[in-house]
Amino acid sequence: MIQIEQLTKHYTQGKSVVRALDGVSLGIEDGEFVAVVGRSGSGKTTLLDSLGLLLKPTSGRVVIDGTDTSRLKDSTKAHLRVDKIGFIFQEYNLLASLTVMENVMLPLGYAVRPNGDRAWARTLLSEVGLTDRINHRPDQLSGGQQQRVAIARALVNRPSLVLGDEPTGAVDSETSDQLVAIMRRMNGQHGVTFVVVTHDPDLAAKTDRIIRLNDGKVLSDEATAPMEVAV
Amino acid sequence: MKEIVRNLTRRKLRSFLTISGIVIGIVALTTMGALANNFNALLDGGAKYYASYVPVADANSNGVTTSGVLSVDKADEIAAVPGVARVFPSIGVDAKPGSLQVVSLGLPDRIVSYDPAENQYSALKTSFASGGDATGSGQIVLGSNFAAEFKKKVGDTITLPVKPADATADFAQHAYTVTGILKPTLTAPDTAAYVTLSDAQQLFKESLPVALQVNFDASHYVAGFDVYGTPGTNLDQLADRINSQVSGVKAQKPSKIIQALVAGGALFTEITTAAALLALIIGGLAVINTMIMAVSERVREIGLKKAVGATTSAVMREFMLESSFIGLVGGVAGFGLGFAVTTLINATLPASQGSIFLVTPGLAVLCIGFALGLGTVAGIIPALRASRLDPVTALRAN
């Protein structure tokens, strides 16, 4: 369960103050698949970074599984990230010098008590259809394959929350459909909460709920129409 | 470790040049350190030797340009001074008279008088690699370098002194039978040949101008005495007592001789320090530059690692390990190269010279440890930069 209460994030640009988030309050239930949409500059990414504990809010708080993160030290936030949060980025952000397996296992190296292991990483790679690419390097994979590796990496330490920043933004529509199907399957199979920022209306339409931001405020927060999802 | 190696091999040329910078510095440190080690071993042996006795010479001797002679009877007068345990006559002549000692870090070959009993008193103990003492006339014990230079072993005959090219027809030489070869001491005994007092006195007489030899009864004279004190005796004070109680002699304070030796050693310590500073500057700047470049190139990687749970200290540790590894590789390679160079040079030196480089386990630890420390320290600033990167900014960096 994620609770966001009166979250604000203000930046100073010259003499003016930019209100990237301006009093956002939300609740996200366990296992939800949520899309955050809005125009550029609406505060989507700032909200995602705040949820991922990468940004310190100006005010307000983010509570993850009962833990108020607003007063945590950076090192505690880092431990909370590796334990509870997975990330999927638009540009995949795989390390070129590591193999697929090593990329997937990367977060485990930073966990004090890892919740996954090599066997689990192999299972996840199997679930995203990359069993035969385990020893490949990222530059030997297509964009879609790289993003599937990133999905496996996001789940390797069994987080309760996965945050996606335009996860389908760098792939074609067919690959995008495949990635969305994989994420939905992971959401269904593993009960992991997904929050994805997207400009892609097709992706947003396949989620449980769409939160629309405008000028740092929640413009709308609606459940999507139920649909058949391949699991 | 695997990731560190991969990161270094991403930019092979740059890594090679950085490590080469450290290698150059450590080669300099190894060779200078080995040179200083060798010289200091020589001085340490000398200091140990001179700390255990009071050298006594003719009052007019300055020990360098004039040596003078003393009557053997002076031994009894010196022995009567309170605190004296034993007095040994001392005579030494050049083994290769007339030879020019060019720039050398070793000692000249000498033929010296020898009493096996003196070894019990001297702080610098010698022992035999083979054979035993010279007990009679015509017998000789050779130091390790001396034996190697003349390619002699126990039982061989050696003719000394070596006849110089411009020697007159009456230049005297004697054939000696080698009875023993000493183990290396890294100091004076290695380049010495030891004969009985009477043989040394004869050589001493023959080293004098012909006109002086005519009425010179060699058995009555020595060049000096080595005076050993009773246990607990202050040798500097003993020297003072000898000077005041025995006429016509000059006893040198051991502390003065040791001070002179220490001053000589200080120069080599300064050279070693300069080499270390050179290594520090060259290697340190190269590592800092490389690691700053690495941080600049891997900003997104750092952002990603922070996003997936790396703490500030974990990121810092990764970069410092990488720079330490660069230092370690440079240190091992530099020391290996330095060791090879010094071994090669030592092998090409004439046997009389012995070695001019002494590579010790301590020097190996110093060189490799220095390089490792250098890499670690040089990595601090780049690692701090990496660890302090804001993950949000880093993840979106181009």
# chains A, B, ... in the order shown; residues from 1 in each chain; ligands from 1
>>> closest_atom_pairs(of="chain A", to="chain B", cutoff="7 Å", atoms="only C-alpha atoms", output="CSV")
residue,atom,partner,partner_atom,distance
A:Leu54,CA,B:Val392,CA,6.3
A:Ser75,CA,B:Thr311,CA,5.4
A:Ala78,CA,B:Gly309,CA,4.6
A:His79,CA,B:Gly309,CA,5.8
A:Arg81,CA,B:Gly309,CA,5.4
A:Val82,CA,B:Gly309,CA,4.4
A:Gly86,CA,B:Val308,CA,6.9
A:Asn93,CA,B:Leu304,CA,6.8
A:Leu95,CA,B:Glu301,CA,6.7
A:Ser97,CA,B:Arg6,CA,6.5
A:Pro107,CA,B:Val308,CA,5.4
A:Tyr110,CA,B:Ala310,CA,5.4
>>> residues_around(residues="B:Ala134", least_positions_apart="2", cutoff="12 Å", atoms="only C-alpha atoms", output="PyMOL selection string")
chain B and resi 113-117+128+131-132+136-142+154-155+176-182+193-199
>>> write_last_selection(atoms="N, CA and C atoms", output="mmCIF file, in the first residue's frame")
data_model
loop_
_atom_site.group_PDB
_atom_site.id
_atom_site.type_symbol
_atom_site.label_atom_id
_atom_site.label_comp_id
_atom_site.auth_asym_id
_atom_site.auth_seq_id
_atom_site.Cartn_x
_atom_site.Cartn_y
_atom_site.Cartn_z
ATOM 1 N N SER B 113 95.528 -7.858 8.464
ATOM 2 C CA SER B 113 95.973 -8.815 9.477
ATOM 3 C C SER B 113 94.757 -9.409 10.181
ATOM 4 N N TYR B 114 94.974 -10.534 10.811
ATOM 5 C CA TYR B 114 93.822 -11.304 11.223
ATOM 6 C C TYR B 114 94.167 -12.183 12.412
ATOM 7 N N ASP B 115 93.337 -12.061 13.437
ATOM 8 C CA ASP B 115 93.467 -12.949 14.596
ATOM 9 C C ASP B 115 92.085 -13.557 14.817
ATOM 10 N N PRO B 116 91.955 -14.863 14.669
ATOM 11 C CA PRO B 116 90.628 -15.492 14.796
ATOM 12 C C PRO B 116 89.919 -15.126 16.093
ATOM 13 N N ALA B 117 90.701 -14.799 17.127
ATOM 14 C CA ALA B 117 90.076 -14.486 18.422
ATOM 15 C C ALA B 117 89.268 -13.196 18.372
ATOM 16 N N PHE B 128 82.380 -18.962 8.087
ATOM 17 C CA PHE B 128 82.951 -19.540 6.871
ATOM 18 C C PHE B 128 81.878 -20.183 5.990
ATOM 19 N N GLY B 131 85.862 -24.088 4.332
ATOM 20 C CA GLY B 131 87.205 -24.060 4.908
ATOM 21 C C GLY B 131 87.229 -23.502 6.316
ATOM 22 N N GLY B 132 88.402 -22.958 6.712
ATOM 23 C CA GLY B 132 88.549 -22.466 8.068
ATOM 24 C C GLY B 132 89.648 -21.424 8.164
ATOM 25 N N GLY B 136 98.698 -20.135 9.841
ATOM 26 C CA GLY B 136 100.144 -20.040 9.702
ATOM 27 C C GLY B 136 100.533 -19.155 8.549
ATOM 28 N N SER B 137 101.823 -18.899 8.464
ATOM 29 C CA SER B 137 102.337 -18.067 7.384
ATOM 30 C C SER B 137 102.047 -18.717 6.038
ATOM 31 N N GLY B 138 101.694 -17.866 5.055
ATOM 32 C CA GLY B 138 101.415 -18.398 3.716
ATOM 33 C C GLY B 138 99.982 -18.869 3.538
ATOM 34 N N GLN B 139 99.187 -18.663 4.574
ATOM 35 C CA GLN B 139 97.774 -19.048 4.459
ATOM 36 C C GLN B 139 96.909 -17.783 4.389
ATOM 37 N N ILE B 140 95.732 -17.929 3.791
ATOM 38 C CA ILE B 140 94.875 -16.751 3.603
ATOM 39 C C ILE B 140 93.397 -17.156 3.630
ATOM 40 N N VAL B 141 92.579 -16.269 4.200
ATOM 41 C CA VAL B 141 91.118 -16.430 4.175
ATOM 42 C C VAL B 141 90.570 -15.313 3.299
ATOM 43 N N LEU B 142 89.659 -15.661 2.380
ATOM 44 C CA LEU B 142 89.138 -14.655 1.446
ATOM 45 C C LEU B 142 87.684 -14.308 1.760
ATOM 46 N N VAL B 154 88.765 -22.973 -1.640
ATOM 47 C CA VAL B 154 89.655 -23.505 -0.603
ATOM 48 C C VAL B 154 90.644 -24.504 -1.225
ATOM 49 N N GLY B 155 91.929 -24.314 -0.863
ATOM 50 C CA GLY B 155 92.970 -25.195 -1.400
ATOM 51 C C GLY B 155 93.721 -24.581 -2.568
ATOM 52 N N TYR B 176 99.855 -17.458 -1.525
ATOM 53 C CA TYR B 176 99.141 -17.892 -0.315
ATOM 54 C C TYR B 176 98.206 -19.057 -0.666
ATOM 55 N N THR B 177 98.030 -19.910 0.294
ATOM 56 C CA THR B 177 97.078 -21.009 0.132
ATOM 57 C C THR B 177 95.755 -20.610 0.788
ATOM 58 N N VAL B 178 94.701 -20.721 0.044
ATOM 59 C CA VAL B 178 93.377 -20.341 0.569
ATOM 60 C C VAL B 178 92.897 -21.435 1.531
ATOM 61 N N THR B 179 92.689 -21.011 2.802
ATOM 62 C CA THR B 179 92.210 -21.998 3.803
ATOM 63 C C THR B 179 90.719 -21.866 4.062
ATOM 64 N N GLY B 180 90.159 -20.691 3.732
ATOM 65 C CA GLY B 180 88.727 -20.502 4.004
ATOM 66 C C GLY B 180 88.127 -19.395 3.157
ATOM 67 N N ILE B 181 86.847 -19.517 2.889
ATOM 68 C CA ILE B 181 86.079 -18.463 2.192
ATOM 69 C C ILE B 181 84.956 -18.057 3.141
ATOM 70 N N LEU B 182 84.829 -16.729 3.358
ATOM 71 C CA LEU B 182 83.791 -16.245 4.289
ATOM 72 C C LEU B 182 82.434 -16.144 3.624
ATOM 73 N N ALA B 193 90.979 -9.776 2.300
ATOM 74 C CA ALA B 193 91.678 -11.059 2.395
ATOM 75 C C ALA B 193 92.446 -11.024 3.713
ATOM 76 N N TYR B 194 92.362 -12.107 4.472
ATOM 77 C CA TYR B 194 92.915 -12.106 5.828
ATOM 78 C C TYR B 194 94.155 -13.010 5.910
ATOM 79 N N VAL B 195 95.256 -12.417 6.430
ATOM 80 C CA VAL B 195 96.484 -13.196 6.610
ATOM 81 C C VAL B 195 96.932 -13.052 8.072
ATOM 82 N N THR B 196 97.921 -13.835 8.455
ATOM 83 C CA THR B 196 98.420 -13.740 9.836
ATOM 84 C C THR B 196 99.116 -12.395 10.027
ATOM 85 N N LEU B 197 99.282 -12.005 11.291
ATOM 86 C CA LEU B 197 99.911 -10.713 11.591
ATOM 87 C C LEU B 197 101.301 -10.615 10.977
ATOM 88 N N SER B 198 102.106 -11.686 11.095
ATOM 89 C CA SER B 198 103.483 -11.611 10.576
ATOM 90 C C SER B 198 103.497 -11.448 9.064
ATOM 91 N N ASP B 199 102.576 -12.131 8.365
ATOM 92 C CA ASP B 199 102.499 -11.961 6.901
ATOM 93 C C ASP B 199 102.062 -10.545 6.555
#
>>> select_by_dssp(residues="stretch 71-147 of chain A", states="strand (DSSP E or B)", output="NGL selection string")
:A and (85-89)
>>> write_last_selection(atoms="N, CA and C atoms", output="compact mmCIF listing (two decimals), in the first residue's frame")
# COMPACT_ATOMS: atom_id res chain seq x y z
N ILE A 85 11.47 -1.58 -4.19
CA ILE A 85 11.14 -0.87 -5.43
C ILE A 85 12.00 -1.36 -6.60
N GLY A 86 11.35 -1.60 -7.72
CA GLY A 86 12.08 -1.91 -8.94
C GLY A 86 11.87 -0.79 -9.95
N PHE A 87 12.85 -0.59 -10.84
CA PHE A 87 12.74 0.49 -11.82
C PHE A 87 12.85 -0.04 -13.24
N ILE A 88 12.00 0.51 -14.10
CA ILE A 88 12.13 0.25 -15.54
C ILE A 88 12.22 1.61 -16.22
N PHE A 89 13.28 1.80 -17.03
CA PHE A 89 13.50 3.11 -17.65
C PHE A 89 13.22 3.04 -19.16
>>> residues_around(residues="B:Gly265", least_positions_apart="6", cutoff="12 Å", atoms="only C-alpha atoms", output="JSON, numbers by chain")
{"B": [35, 36, 37, 38, 39, 40, 41, 42, 43, 44, 46, 47, 258, 259, 271, 272]}
>>> write_last_selection(atoms="C-alpha atoms", output="mmCIF file, in the first residue's frame")
data_model
loop_
_atom_site.group_PDB
_atom_site.id
_atom_site.type_symbol
_atom_site.label_atom_id
_atom_site.label_comp_id
_atom_site.auth_asym_id
_atom_site.auth_seq_id
_atom_site.Cartn_x
_atom_site.Cartn_y
_atom_site.Cartn_z
ATOM 1 C CA LEU B 35 70.562 1.097 -4.321
ATOM 2 C CA ALA B 36 69.889 2.700 -0.945
ATOM 3 C CA ASN B 37 69.342 -0.732 0.641
ATOM 4 C CA ASN B 38 72.702 -1.919 -0.620
ATOM 5 C CA PHE B 39 74.476 1.204 0.525
ATOM 6 C CA ASN B 40 72.736 1.194 3.882
ATOM 7 C CA ALA B 41 73.634 -2.479 4.403
ATOM 8 C CA LEU B 42 77.234 -1.486 3.806
ATOM 9 C CA LEU B 43 76.902 1.389 6.274
ATOM 10 C CA ASP B 44 74.974 -0.673 8.805
ATOM 11 C CA GLY B 46 80.282 -0.534 9.153
ATOM 12 C CA ALA B 47 78.343 1.091 11.971
ATOM 13 C CA ILE B 258 79.155 6.230 13.177
ATOM 14 C CA GLN B 259 77.915 9.811 12.796
ATOM 15 C CA ILE B 271 67.343 9.983 -3.178
ATOM 16 C CA THR B 272 64.821 7.272 -2.334
#
>>> select_by_dssp(residues="stretch 120-193 of chain B", states="alpha helix (DSSP H)", output="list in words")
Gln120, Tyr121, Ser144, Asn145, Phe146, Ala147, Ala148, Glu149 and Phe150 of chain B
>>> write_last_selection(atoms="C-alpha atoms", output="short mmCIF file (atom, residue, chain, number, x, y, z; two decimals), in the first residue's frame")
data_model
loop_
_atom_site.label_atom_id
_atom_site.label_comp_id
_atom_site.auth_asym_id
_atom_site.auth_seq_id
_atom_site.Cartn_x
_atom_site.Cartn_y
_atom_site.Cartn_z
CA GLN B 120 84.60 -13.22 19.54
CA TYR B 121 84.81 -9.51 20.42
CA SER B 144 83.11 -13.62 -0.54
CA ASN B 145 83.57 -10.94 -3.23
CA PHE B 146 87.35 -11.31 -3.10
CA ALA B 147 87.08 -15.05 -3.72
CA ALA B 148 84.57 -14.53 -6.53
CA GLU B 149 86.71 -11.88 -8.20
CA PHE B 150 89.82 -14.03 -8.23
#
>>> decode(residues="stretch 98-241 of chain B", atoms="C-alpha atoms", output="PDB file, in the first residue's frame")
ATOM      1  CA  GLY B  98      98.169   1.530  -7.874  1.00  0.00           C
ATOM      2  CA  SER B  99      94.772   0.595  -9.284  1.00  0.00           C
ATOM      3  CA  LEU B 100      92.472   3.518  -9.881  1.00  0.00           C
ATOM      4  CA  GLN B 101      89.243   3.377  -7.909  1.00  0.00           C
ATOM      5  CA  VAL B 102      86.831   5.028 -10.311  1.00  0.00           C
ATOM      6  CA  VAL B 103      83.265   5.836  -9.254  1.00  0.00           C
ATOM      7  CA  SER B 104      82.239   2.868  -7.192  1.00  0.00           C
ATOM      8  CA  LEU B 105      79.634   2.051  -4.600  1.00  0.00           C
ATOM      9  CA  GLY B 106      81.760  -0.753  -3.185  1.00  0.00           C
ATOM     10  CA  LEU B 107      84.929  -0.965  -1.095  1.00  0.00           C
ATOM     11  CA  PRO B 108      88.491  -1.496  -2.414  1.00  0.00           C
ATOM     12  CA  ASP B 109      90.124  -4.923  -2.022  1.00  0.00           C
ATOM     13  CA  ARG B 110      92.368  -5.030   1.057  1.00  0.00           C
ATOM     14  CA  ILE B 111      94.744  -7.535   2.634  1.00  0.00           C
ATOM     15  CA  VAL B 112      94.486  -7.238   6.415  1.00  0.00           C
ATOM     16  CA  SER B 113      95.973  -8.815   9.477  1.00  0.00           C
ATOM     17  CA  TYR B 114      93.822 -11.304  11.223  1.00  0.00           C
ATOM     18  CA  ASP B 115      93.467 -12.949  14.596  1.00  0.00           C
ATOM     19  CA  PRO B 116      90.628 -15.492  14.796  1.00  0.00           C
ATOM     20  CA  ALA B 117      90.076 -14.486  18.422  1.00  0.00           C
ATOM     21  CA  GLU B 118      88.928 -11.007  17.361  1.00  0.00           C
ATOM     22  CA  ASN B 119      85.708 -12.488  15.962  1.00  0.00           C
ATOM     23  CA  GLN B 120      84.601 -13.217  19.539  1.00  0.00           C
ATOM     24  CA  TYR B 121      84.809  -9.510  20.425  1.00  0.00           C
ATOM     25  CA  SER B 122      83.637  -7.855  17.224  1.00  0.00           C
ATOM     26  CA  ALA B 123      79.934  -7.061  16.817  1.00  0.00           C
ATOM     27  CA  LEU B 124      80.248  -7.924  13.140  1.00  0.00           C
ATOM     28  CA  LYS B 125      80.608 -11.690  13.202  1.00  0.00           C
ATOM     29  CA  THR B 126      82.044 -13.511  10.222  1.00  0.00           C
ATOM     30  CA  SER B 127      81.587 -17.170   9.452  1.00  0.00           C
ATOM     31  CA  PHE B 128      82.951 -19.540   6.871  1.00  0.00           C
ATOM     32  CA  ALA B 129      81.131 -20.570   3.721  1.00  0.00           C
ATOM     33  CA  SER B 130      83.870 -23.163   3.288  1.00  0.00           C
ATOM     34  CA  GLY B 131      87.205 -24.060   4.908  1.00  0.00           C
ATOM     35  CA  GLY B 132      88.549 -22.466   8.068  1.00  0.00           C
ATOM     36  CA  ASP B 133      91.011 -20.061   9.670  1.00  0.00           C
ATOM     37  CA  ALA B 134      94.457 -19.154   8.367  1.00  0.00           C
ATOM     38  CA  THR B 135      96.702 -20.312  11.180  1.00  0.00           C
ATOM     39  CA  GLY B 136     100.144 -20.040   9.702  1.00  0.00           C
ATOM     40  CA  SER B 137     102.337 -18.067   7.384  1.00  0.00           C
ATOM     41  CA  GLY B 138     101.415 -18.398   3.716  1.00  0.00           C
ATOM     42  CA  GLN B 139      97.774 -19.048   4.459  1.00  0.00           C
ATOM     43  CA  ILE B 140      94.875 -16.751   3.603  1.00  0.00           C
ATOM     44  CA  VAL B 141      91.118 -16.430   4.175  1.00  0.00           C
ATOM     45  CA  LEU B 142      89.138 -14.655   1.446  1.00  0.00           C
ATOM     46  CA  GLY B 143      85.980 -12.554   1.714  1.00  0.00           C
ATOM     47  CA  SER B 144      83.113 -13.623  -0.541  1.00  0.00           C
ATOM     48  CA  ASN B 145      83.568 -10.944  -3.234  1.00  0.00           C
ATOM     49  CA  PHE B 146      87.350 -11.309  -3.100  1.00  0.00           C
ATOM     50  CA  ALA B 147      87.083 -15.049  -3.725  1.00  0.00           C
ATOM     51  CA  ALA B 148      84.569 -14.531  -6.527  1.00  0.00           C
ATOM     52  CA  GLU B 149      86.714 -11.879  -8.203  1.00  0.00           C
ATOM     53  CA  PHE B 150      89.823 -14.034  -8.234  1.00  0.00           C
ATOM     54  CA  LYS B 151      87.826 -17.229  -8.813  1.00  0.00           C
ATOM     55  CA  LYS B 152      89.440 -19.010  -5.870  1.00  0.00           C
ATOM     56  CA  LYS B 153      88.235 -21.800  -3.673  1.00  0.00           C
ATOM     57  CA  VAL B 154      89.655 -23.505  -0.603  1.00  0.00           C
ATOM     58  CA  GLY B 155      92.970 -25.195  -1.400  1.00  0.00           C
ATOM     59  CA  ASP B 156      93.784 -22.884  -4.319  1.00  0.00           C
ATOM     60  CA  THR B 157      96.843 -20.659  -4.387  1.00  0.00           C
ATOM     61  CA  ILE B 158      96.549 -16.920  -4.817  1.00  0.00           C
ATOM     62  CA  THR B 159      99.408 -14.518  -5.482  1.00  0.00           C
ATOM     63  CA  LEU B 160      99.117 -11.112  -3.845  1.00  0.00           C
ATOM     64  CA  PRO B 161      99.339  -8.173  -4.015  1.00  0.00           C
ATOM     65  CA  VAL B 162      98.341  -7.881  -7.653  1.00  0.00           C
ATOM     66  CA  LYS B 163     101.235  -6.484  -9.605  1.00  0.00           C
ATOM     67  CA  PRO B 164     100.397  -3.106 -11.106  1.00  0.00           C
ATOM     68  CA  ALA B 165     101.237  -2.433 -14.773  1.00  0.00           C
ATOM     69  CA  ASP B 166     103.888   0.128 -13.845  1.00  0.00           C
ATOM     70  CA  ALA B 167     105.468  -1.970 -11.051  1.00  0.00           C
ATOM     71  CA  THR B 168     109.215  -1.944 -10.628  1.00  0.00           C
ATOM     72  CA  ALA B 169     111.244  -5.118 -10.981  1.00  0.00           C
ATOM     73  CA  ASP B 170     111.563  -5.529  -7.225  1.00  0.00           C
ATOM     74  CA  PHE B 171     107.806  -5.490  -6.618  1.00  0.00           C
ATOM     75  CA  ALA B 172     107.196  -8.257  -4.075  1.00  0.00           C
ATOM     76  CA  GLN B 173     104.435 -10.796  -4.341  1.00  0.00           C
ATOM     77  CA  HIS B 174     103.621 -13.826  -2.217  1.00  0.00           C
ATOM     78  CA  ALA B 175     101.766 -17.021  -2.911  1.00  0.00           C
ATOM     79  CA  TYR B 176      99.141 -17.892  -0.315  1.00  0.00           C
ATOM     80  CA  THR B 177      97.078 -21.009   0.132  1.00  0.00           C
ATOM     81  CA  VAL B 178      93.377 -20.341   0.569  1.00  0.00           C
ATOM     82  CA  THR B 179      92.210 -21.998   3.803  1.00  0.00           C
ATOM     83  CA  GLY B 180      88.727 -20.502   4.004  1.00  0.00           C
ATOM     84  CA  ILE B 181      86.079 -18.463   2.192  1.00  0.00           C
ATOM     85  CA  LEU B 182      83.791 -16.245   4.289  1.00  0.00           C
ATOM     86  CA  LYS B 183      80.071 -15.983   3.943  1.00  0.00           C
ATOM     87  CA  PRO B 184      78.818 -12.646   2.492  1.00  0.00           C
ATOM     88  CA  THR B 185      78.329  -9.886   5.052  1.00  0.00           C
ATOM     89  CA  LEU B 186      77.317  -7.145   2.573  1.00  0.00           C
ATOM     90  CA  THR B 187      80.055  -4.956   4.041  1.00  0.00           C
ATOM     91  CA  ALA B 188      83.854  -4.622   4.424  1.00  0.00           C
ATOM     92  CA  PRO B 189      84.864  -8.306   5.038  1.00  0.00           C
ATOM     93  CA  ASP B 190      83.459  -9.241   1.606  1.00  0.00           C
ATOM     94  CA  THR B 191      86.273  -7.369  -0.163  1.00  0.00           C
ATOM     95  CA  ALA B 192      89.044  -8.324   2.263  1.00  0.00           C
ATOM     96  CA  ALA B 193      91.678 -11.059   2.395  1.00  0.00           C
ATOM     97  CA  TYR B 194      92.915 -12.106   5.828  1.00  0.00           C
ATOM     98  CA  VAL B 195      96.484 -13.196   6.610  1.00  0.00           C
ATOM     99  CA  THR B 196      98.420 -13.740   9.836  1.00  0.00           C
ATOM    100  CA  LEU B 197      99.911 -10.713  11.591  1.00  0.00           C
ATOM    101  CA  SER B 198     103.483 -11.611  10.576  1.00  0.00           C
ATOM    102  CA  ASP B 199     102.499 -11.961   6.901  1.00  0.00           C
ATOM    103  CA  ALA B 200     100.617  -8.656   7.085  1.00  0.00           C
ATOM    104  CA  GLN B 201     103.638  -6.978   8.678  1.00  0.00           C
ATOM    105  CA  GLN B 202     105.812  -8.260   5.844  1.00  0.00           C
ATOM    106  CA  LEU B 203     103.351  -6.894   3.258  1.00  0.00           C
ATOM    107  CA  PHE B 204     103.251  -3.609   5.127  1.00  0.00           C
ATOM    108  CA  LYS B 205     107.014  -3.314   5.027  1.00  0.00           C
ATOM    109  CA  GLU B 206     107.063  -4.107   1.286  1.00  0.00           C
ATOM    110  CA  SER B 207     104.479  -1.397   0.665  1.00  0.00           C
ATOM    111  CA  LEU B 208     106.887   1.228   1.981  1.00  0.00           C
ATOM    112  CA  PRO B 209     109.364   3.062  -0.288  1.00  0.00           C
ATOM    113  CA  VAL B 210     112.521   0.972  -0.772  1.00  0.00           C
ATOM    114  CA  ALA B 211     114.672   3.466   1.140  1.00  0.00           C
ATOM    115  CA  LEU B 212     112.532   3.053   4.253  1.00  0.00           C
ATOM    116  CA  GLN B 213     112.546  -0.735   4.062  1.00  0.00           C
ATOM    117  CA  VAL B 214     116.275  -1.104   4.690  1.00  0.00           C
ATOM    118  CA  ASN B 215     116.358  -0.777   8.465  1.00  0.00           C
ATOM    119  CA  PHE B 216     112.676  -1.493   9.062  1.00  0.00           C
ATOM    120  CA  ASP B 217     112.039  -4.495  11.293  1.00  0.00           C
ATOM    121  CA  ALA B 218     108.468  -5.283  10.296  1.00  0.00           C
ATOM    122  CA  SER B 219     107.866  -7.512  13.320  1.00  0.00           C
ATOM    123  CA  HIS B 220     108.097  -4.459  15.623  1.00  0.00           C
ATOM    124  CA  TYR B 221     105.473  -2.323  13.905  1.00  0.00           C
ATOM    125  CA  VAL B 222     101.786  -2.255  13.153  1.00  0.00           C
ATOM    126  CA  ALA B 223      99.521   0.350  11.542  1.00  0.00           C
ATOM    127  CA  GLY B 224      97.191   0.497  14.532  1.00  0.00           C
ATOM    128  CA  PHE B 225      95.219  -1.431  17.104  1.00  0.00           C
ATOM    129  CA  ASP B 226      91.623  -2.528  17.476  1.00  0.00           C
ATOM    130  CA  VAL B 227      90.795  -2.030  21.155  1.00  0.00           C
ATOM    131  CA  TYR B 228      87.797  -3.776  22.706  1.00  0.00           C
ATOM    132  CA  GLY B 229      86.313  -2.711  26.023  1.00  0.00           C
ATOM    133  CA  THR B 230      85.176  -4.811  28.931  1.00  0.00           C
ATOM    134  CA  PRO B 231      81.398  -5.380  29.100  1.00  0.00           C
ATOM    135  CA  GLY B 232      79.568  -2.167  30.026  1.00  0.00           C
ATOM    136  CA  THR B 233      82.454   0.112  29.101  1.00  0.00           C
ATOM    137  CA  ASN B 234      81.568   3.329  27.288  1.00  0.00           C
ATOM    138  CA  LEU B 235      83.856   3.191  24.236  1.00  0.00           C
ATOM    139  CA  ASP B 236      83.865   6.970  23.671  1.00  0.00           C
ATOM    140  CA  GLN B 237      85.100   7.450  27.243  1.00  0.00           C
ATOM    141  CA  LEU B 238      87.586   4.627  26.739  1.00  0.00           C
ATOM    142  CA  ALA B 239      88.951   6.459  23.685  1.00  0.00           C
ATOM    143  CA  ASP B 240      89.379   9.573  25.818  1.00  0.00           C
ATOM    144  CA  ARG B 241      91.217   7.573  28.481  1.00  0.00           C
TER     145      ARG B 241
END
